[in-house]
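Enquirer: I have a structure I would like to understand better, so I am pasting it below and will then ask my questions one at a time.
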Amino acid sequence: LINEISDYLRDHDTITTKINGVEYVVYKRLNSDYVEFLNNETNEVTFVDIIDEPTEVSSLLVQSAVNEIHVRVWTSQFMY
């Protein structure tokens with residue numbers, strides 16, 4: 001799943017997703033092995049290593065971001 005996020009972020013700047021009402025901005029630094037999840041309320045960043053499997057805490061963030069990608073891809077198919 002983290003690779004799917006990483007692939008999506010090659011062509012897009014960020015992903016914005018909400019978990020339990022909290023908005024997260026997902027982005028990847030250039031030449032980085034991490035995808036970063038920025039909590040928009042606390043400005044706390046959770047780093048998820050692209051190579052390693054996500055931890056239990058970050059797996060919810062990863063799943064949410066992937067769901068957001070799927071929603072964007074699905075809705076963009078019907079916008080034309």
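Just so we're on the same page: first chain in the structure tokens is A, next is B, and so on; residues restart at 1 for each chain, and ligands are numbered from 1 in the order they show up.
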Within 7 Å of range 38-47 of chain A, counting only C-alpha atoms, which residues qualify if same-chain residues fewer than 5 places away don't, as a count of residues only?

Expert: 4

Enquirer: If DSSP is run on the backbone, what residues of chain A are strand (DSSP E)? A reply as a list in words would be ideal.

Expert: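 Output for chain A, strand (DSSP E) only: Ile15, Thr16, Thr17, Lys18, Ile19, Val22, Glu23, Tyr24, Val25, Val26, Tyr27, Lys28, Tyr34, Val35, Glu36, Phe37, Leu38, Asn39, Val45, Thr46, Phe47, Val48 and Asp49 of chain A.
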
Enquirer: Pull N, CA, C and O atoms from the residues just selected and write them as an mmCIF file, in the first residue's frame.

Expert:
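Generated output (again14.cif):
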data_model
loop_
_atom_site.group_PDB
_atom_site.id
_atom_site.type_symbol
_atom_site.label_atom_id
_atom_site.label_comp_id
_atom_site.auth_asym_id
_atom_site.auth_seq_id
_atom_site.Cartn_x
_atom_site.Cartn_y
_atom_site.Cartn_z
ATOM 1 N N ILE A 15 -1.634 14.327 -0.980
ATOM 2 C CA ILE A 15 -2.931 13.691 -0.793
ATOM 3 C C ILE A 15 -3.474 14.273 0.502
ATOM 4 O O ILE A 15 -2.736 14.380 1.480
ATOM 5 N N THR A 16 -4.726 14.661 0.516
ATOM 6 C CA THR A 16 -5.347 15.118 1.760
ATOM 7 C C THR A 16 -6.396 14.094 2.154
ATOM 8 O O THR A 16 -7.213 13.693 1.344
ATOM 9 N N THR A 17 -6.331 13.651 3.412
ATOM 10 C CA THR A 17 -7.262 12.639 3.878
ATOM 11 C C THR A 17 -7.676 12.965 5.304
ATOM 12 O O THR A 17 -6.985 13.704 6.005
ATOM 13 N N LYS A 18 -8.828 12.454 5.716
ATOM 14 C CA LYS A 18 -9.317 12.693 7.077
ATOM 15 C C LYS A 18 -9.446 11.377 7.816
ATOM 16 O O LYS A 18 -9.940 10.396 7.254
ATOM 17 N N ILE A 19 -9.012 11.368 9.072
ATOM 18 C CA ILE A 19 -9.168 10.212 9.943
ATOM 19 C C ILE A 19 -9.752 10.710 11.254
ATOM 20 O O ILE A 19 -9.161 11.574 11.904
ATOM 21 N N VAL A 22 -9.827 14.385 11.754
ATOM 22 C CA VAL A 22 -8.560 15.112 11.703
ATOM 23 C C VAL A 22 -8.005 15.023 10.286
ATOM 24 O O VAL A 22 -7.912 13.942 9.709
ATOM 25 N N GLU A 23 -7.661 16.189 9.729
ATOM 26 C CA GLU A 23 -7.142 16.218 8.372
ATOM 27 C C GLU A 23 -5.640 15.982 8.360
ATOM 28 O O GLU A 23 -4.908 16.564 9.155
ATOM 29 N N TYR A 24 -5.214 15.111 7.461
ATOM 30 C CA TYR A 24 -3.789 14.843 7.262
ATOM 31 C C TYR A 24 -3.426 15.187 5.830
ATOM 32 O O TYR A 24 -4.188 14.918 4.900
ATOM 33 N N VAL A 25 -2.242 15.790 5.663
ATOM 34 C CA VAL A 25 -1.700 16.046 4.342
ATOM 35 C C VAL A 25 -0.539 15.073 4.164
ATOM 36 O O VAL A 25 0.365 15.012 4.994
ATOM 37 N N VAL A 26 -0.597 14.303 3.085
ATOM 38 C CA VAL A 26 0.403 13.283 2.826
ATOM 39 C C VAL A 26 1.302 13.782 1.700
ATOM 40 O O VAL A 26 0.826 14.219 0.662
ATOM 41 N N TYR A 27 2.609 13.717 1.919
ATOM 42 C CA TYR A 27 3.532 14.153 0.879
ATOM 43 C C TYR A 27 4.827 13.378 0.998
ATOM 44 O O TYR A 27 5.098 12.716 1.995
ATOM 45 N N LYS A 28 5.634 13.463 -0.047
ATOM 46 C CA LYS A 28 6.897 12.752 -0.083
ATOM 47 C C LYS A 28 7.997 13.747 -0.413
ATOM 48 O O LYS A 28 7.871 14.529 -1.350
ATOM 49 N N TYR A 34 10.827 8.116 2.731
ATOM 50 C CA TYR A 34 9.681 8.262 3.620
ATOM 51 C C TYR A 34 8.519 8.971 2.947
ATOM 52 O O TYR A 34 8.723 9.854 2.122
ATOM 53 N N VAL A 35 7.334 8.569 3.329
ATOM 54 C CA VAL A 35 6.133 9.345 3.034
ATOM 55 C C VAL A 35 5.756 10.006 4.350
ATOM 56 O O VAL A 35 5.807 9.377 5.410
ATOM 57 N N GLU A 36 5.407 11.278 4.318
ATOM 58 C CA GLU A 36 5.120 12.023 5.538
ATOM 59 C C GLU A 36 3.638 12.339 5.631
ATOM 60 O O GLU A 36 3.017 12.757 4.657
ATOM 61 N N PHE A 37 3.095 12.134 6.833
ATOM 62 C CA PHE A 37 1.705 12.441 7.134
ATOM 63 C C PHE A 37 1.698 13.599 8.124
ATOM 64 O O PHE A 37 2.105 13.440 9.267
ATOM 65 N N LEU A 38 1.246 14.764 7.676
ATOM 66 C CA LEU A 38 1.206 15.958 8.516
ATOM 67 C C LEU A 38 -0.185 16.126 9.099
ATOM 68 O O LEU A 38 -1.162 16.267 8.353
ATOM 69 N N ASN A 39 -0.279 16.101 10.415
ATOM 70 C CA ASN A 39 -1.549 16.354 11.105
ATOM 71 C C ASN A 39 -1.792 17.855 11.045
ATOM 72 O O ASN A 39 -1.017 18.641 11.600
ATOM 73 N N VAL A 45 4.197 15.387 12.514
ATOM 74 C CA VAL A 45 4.450 14.607 11.306
ATOM 75 C C VAL A 45 4.728 13.162 11.688
ATOM 76 O O VAL A 45 5.509 12.887 12.597
ATOM 77 N N THR A 46 4.071 12.242 10.995
ATOM 78 C CA THR A 46 4.357 10.818 11.133
ATOM 79 C C THR A 46 5.068 10.376 9.866
ATOM 80 O O THR A 46 4.582 10.599 8.761
ATOM 81 N N PHE A 47 6.252 9.784 10.030
ATOM 82 C CA PHE A 47 7.032 9.307 8.897
ATOM 83 C C PHE A 47 6.754 7.827 8.690
ATOM 84 O O PHE A 47 6.788 7.053 9.642
ATOM 85 N N VAL A 48 6.479 7.437 7.453
ATOM 86 C CA VAL A 48 6.274 6.027 7.134
ATOM 87 C C VAL A 48 7.338 5.628 6.118
ATOM 88 O O VAL A 48 7.422 6.193 5.031
ATOM 89 N N ASP A 49 8.166 4.676 6.513
ATOM 90 C CA ASP A 49 9.248 4.199 5.665
ATOM 91 C C ASP A 49 8.666 3.451 4.467
ATOM 92 O O ASP A 49 7.797 2.604 4.619
#

Enquirer: Mind listing the helix (DSSP H, G or I) residues of chain A, per DSSP on the backbone, as number ranges by chain?

Expert: A: 2-11, 56-77

Enquirer: I need the residues from that last selection saved to file as an mmCIF file, in the first residue's frame (with N, CA and C atoms), if you can.

Expert:
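File selection03.cif, as written:
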data_model
loop_
_atom_site.group_PDB
_atom_site.id
_atom_site.type_symbol
_atom_site.label_atom_id
_atom_site.label_comp_id
_atom_site.auth_asym_id
_atom_site.auth_seq_id
_atom_site.Cartn_x
_atom_site.Cartn_y
_atom_site.Cartn_z
ATOM 1 N N ILE A 2 1.941 1.224 0.760
ATOM 2 C CA ILE A 2 2.794 2.415 0.828
ATOM 3 C C ILE A 2 3.411 2.703 -0.539
ATOM 4 N N ASN A 3 3.676 1.649 -1.316
ATOM 5 C CA ASN A 3 4.202 1.854 -2.671
ATOM 6 C C ASN A 3 3.156 2.511 -3.569
ATOM 7 N N GLU A 4 1.896 2.175 -3.360
ATOM 8 C CA GLU A 4 0.824 2.807 -4.130
ATOM 9 C C GLU A 4 0.775 4.309 -3.842
ATOM 10 N N ILE A 5 0.956 4.669 -2.574
ATOM 11 C CA ILE A 5 1.000 6.092 -2.203
ATOM 12 C C ILE A 5 2.203 6.761 -2.855
ATOM 13 N N SER A 6 3.341 6.106 -2.751
ATOM 14 C CA SER A 6 4.570 6.647 -3.317
ATOM 15 C C SER A 6 4.437 6.859 -4.826
ATOM 16 N N ASP A 7 3.846 5.871 -5.522
ATOM 17 C CA ASP A 7 3.643 5.997 -6.966
ATOM 18 C C ASP A 7 2.722 7.168 -7.291
ATOM 19 N N TYR A 8 1.640 7.312 -6.527
ATOM 20 C CA TYR A 8 0.687 8.399 -6.753
ATOM 21 C C TYR A 8 1.363 9.759 -6.557
ATOM 22 N N LEU A 9 2.229 9.837 -5.565
ATOM 23 C CA LEU A 9 2.879 11.118 -5.252
ATOM 24 C C LEU A 9 3.973 11.492 -6.259
ATOM 25 N N ARG A 10 4.291 10.601 -7.179
ATOM 26 C CA ARG A 10 5.217 10.972 -8.254
ATOM 27 C C ARG A 10 4.561 11.976 -9.192
ATOM 28 N N ASP A 11 3.237 11.850 -9.345
ATOM 29 C CA ASP A 11 2.504 12.705 -10.284
ATOM 30 C C ASP A 11 1.644 13.766 -9.607
ATOM 31 N N GLU A 56 1.681 -0.358 13.313
ATOM 32 C CA GLU A 56 0.241 -0.397 13.571
ATOM 33 C C GLU A 56 -0.355 1.009 13.562
ATOM 34 N N VAL A 57 0.381 1.959 14.127
ATOM 35 C CA VAL A 57 -0.109 3.347 14.190
ATOM 36 C C VAL A 57 -0.218 3.937 12.788
ATOM 37 N N SER A 58 0.793 3.742 11.990
ATOM 38 C CA SER A 58 0.802 4.371 10.673
ATOM 39 C C SER A 58 -0.015 3.605 9.643
ATOM 40 N N SER A 59 -0.341 2.337 9.918
ATOM 41 C CA SER A 59 -1.088 1.579 8.922
ATOM 42 C C SER A 59 -2.472 2.169 8.676
ATOM 43 N N LEU A 60 -3.085 2.754 9.698
ATOM 44 C CA LEU A 60 -4.374 3.428 9.521
ATOM 45 C C LEU A 60 -4.214 4.631 8.599
ATOM 46 N N LEU A 61 -3.142 5.385 8.768
ATOM 47 C CA LEU A 61 -2.866 6.529 7.901
ATOM 48 C C LEU A 61 -2.665 6.062 6.462
ATOM 49 N N VAL A 62 -1.901 4.992 6.310
ATOM 50 C CA VAL A 62 -1.612 4.470 4.979
ATOM 51 C C VAL A 62 -2.899 4.007 4.296
ATOM 52 N N GLN A 63 -3.713 3.250 5.013
ATOM 53 C CA GLN A 63 -4.960 2.741 4.435
ATOM 54 C C GLN A 63 -5.887 3.897 4.050
ATOM 55 N N SER A 64 -5.955 4.911 4.887
ATOM 56 C CA SER A 64 -6.801 6.067 4.606
ATOM 57 C C SER A 64 -6.325 6.796 3.350
ATOM 58 N N ALA A 65 -5.013 6.962 3.222
ATOM 59 C CA ALA A 65 -4.468 7.655 2.050
ATOM 60 C C ALA A 65 -4.730 6.865 0.779
ATOM 61 N N VAL A 66 -4.587 5.540 0.852
ATOM 62 C CA VAL A 66 -4.852 4.702 -0.316
ATOM 63 C C VAL A 66 -6.330 4.775 -0.696
ATOM 64 N N ASN A 67 -7.204 4.768 0.303
ATOM 65 C CA ASN A 67 -8.637 4.914 0.023
ATOM 66 C C ASN A 67 -8.916 6.237 -0.684
ATOM 67 N N GLU A 68 -8.249 7.301 -0.242
ATOM 68 C CA GLU A 68 -8.423 8.619 -0.860
ATOM 69 C C GLU A 68 -7.951 8.599 -2.312
ATOM 70 N N ILE A 69 -6.842 7.920 -2.576
ATOM 71 C CA ILE A 69 -6.346 7.786 -3.952
ATOM 72 C C ILE A 69 -7.399 7.089 -4.806
ATOM 73 N N HIS A 70 -7.953 6.001 -4.294
ATOM 74 C CA HIS A 70 -8.948 5.250 -5.059
ATOM 75 C C HIS A 70 -10.180 6.105 -5.351
ATOM 76 N N VAL A 71 -10.607 6.908 -4.379
ATOM 77 C CA VAL A 71 -11.747 7.805 -4.592
ATOM 78 C C VAL A 71 -11.421 8.832 -5.666
ATOM 79 N N ARG A 72 -10.224 9.405 -5.611
ATOM 80 C CA ARG A 72 -9.833 10.412 -6.611
ATOM 81 C C ARG A 72 -9.771 9.810 -8.005
ATOM 82 N N VAL A 73 -9.182 8.634 -8.113
ATOM 83 C CA VAL A 73 -9.062 7.981 -9.414
ATOM 84 C C VAL A 73 -10.448 7.636 -9.950
ATOM 85 N N TRP A 74 -11.301 7.121 -9.091
ATOM 86 C CA TRP A 74 -12.648 6.730 -9.496
ATOM 87 C C TRP A 74 -13.449 7.955 -9.955
ATOM 88 N N THR A 75 -13.402 9.043 -9.183
ATOM 89 C CA THR A 75 -14.188 10.214 -9.557
ATOM 90 C C THR A 75 -13.604 10.899 -10.791
ATOM 91 N N SER A 76 -12.295 10.868 -10.972
ATOM 92 C CA SER A 76 -11.714 11.519 -12.143
ATOM 93 C C SER A 76 -12.088 10.791 -13.428
ATOM 94 N N GLN A 77 -12.401 9.508 -13.344
ATOM 95 C CA GLN A 77 -12.815 8.768 -14.536
ATOM 96 C C GLN A 77 -14.174 9.239 -15.043
#
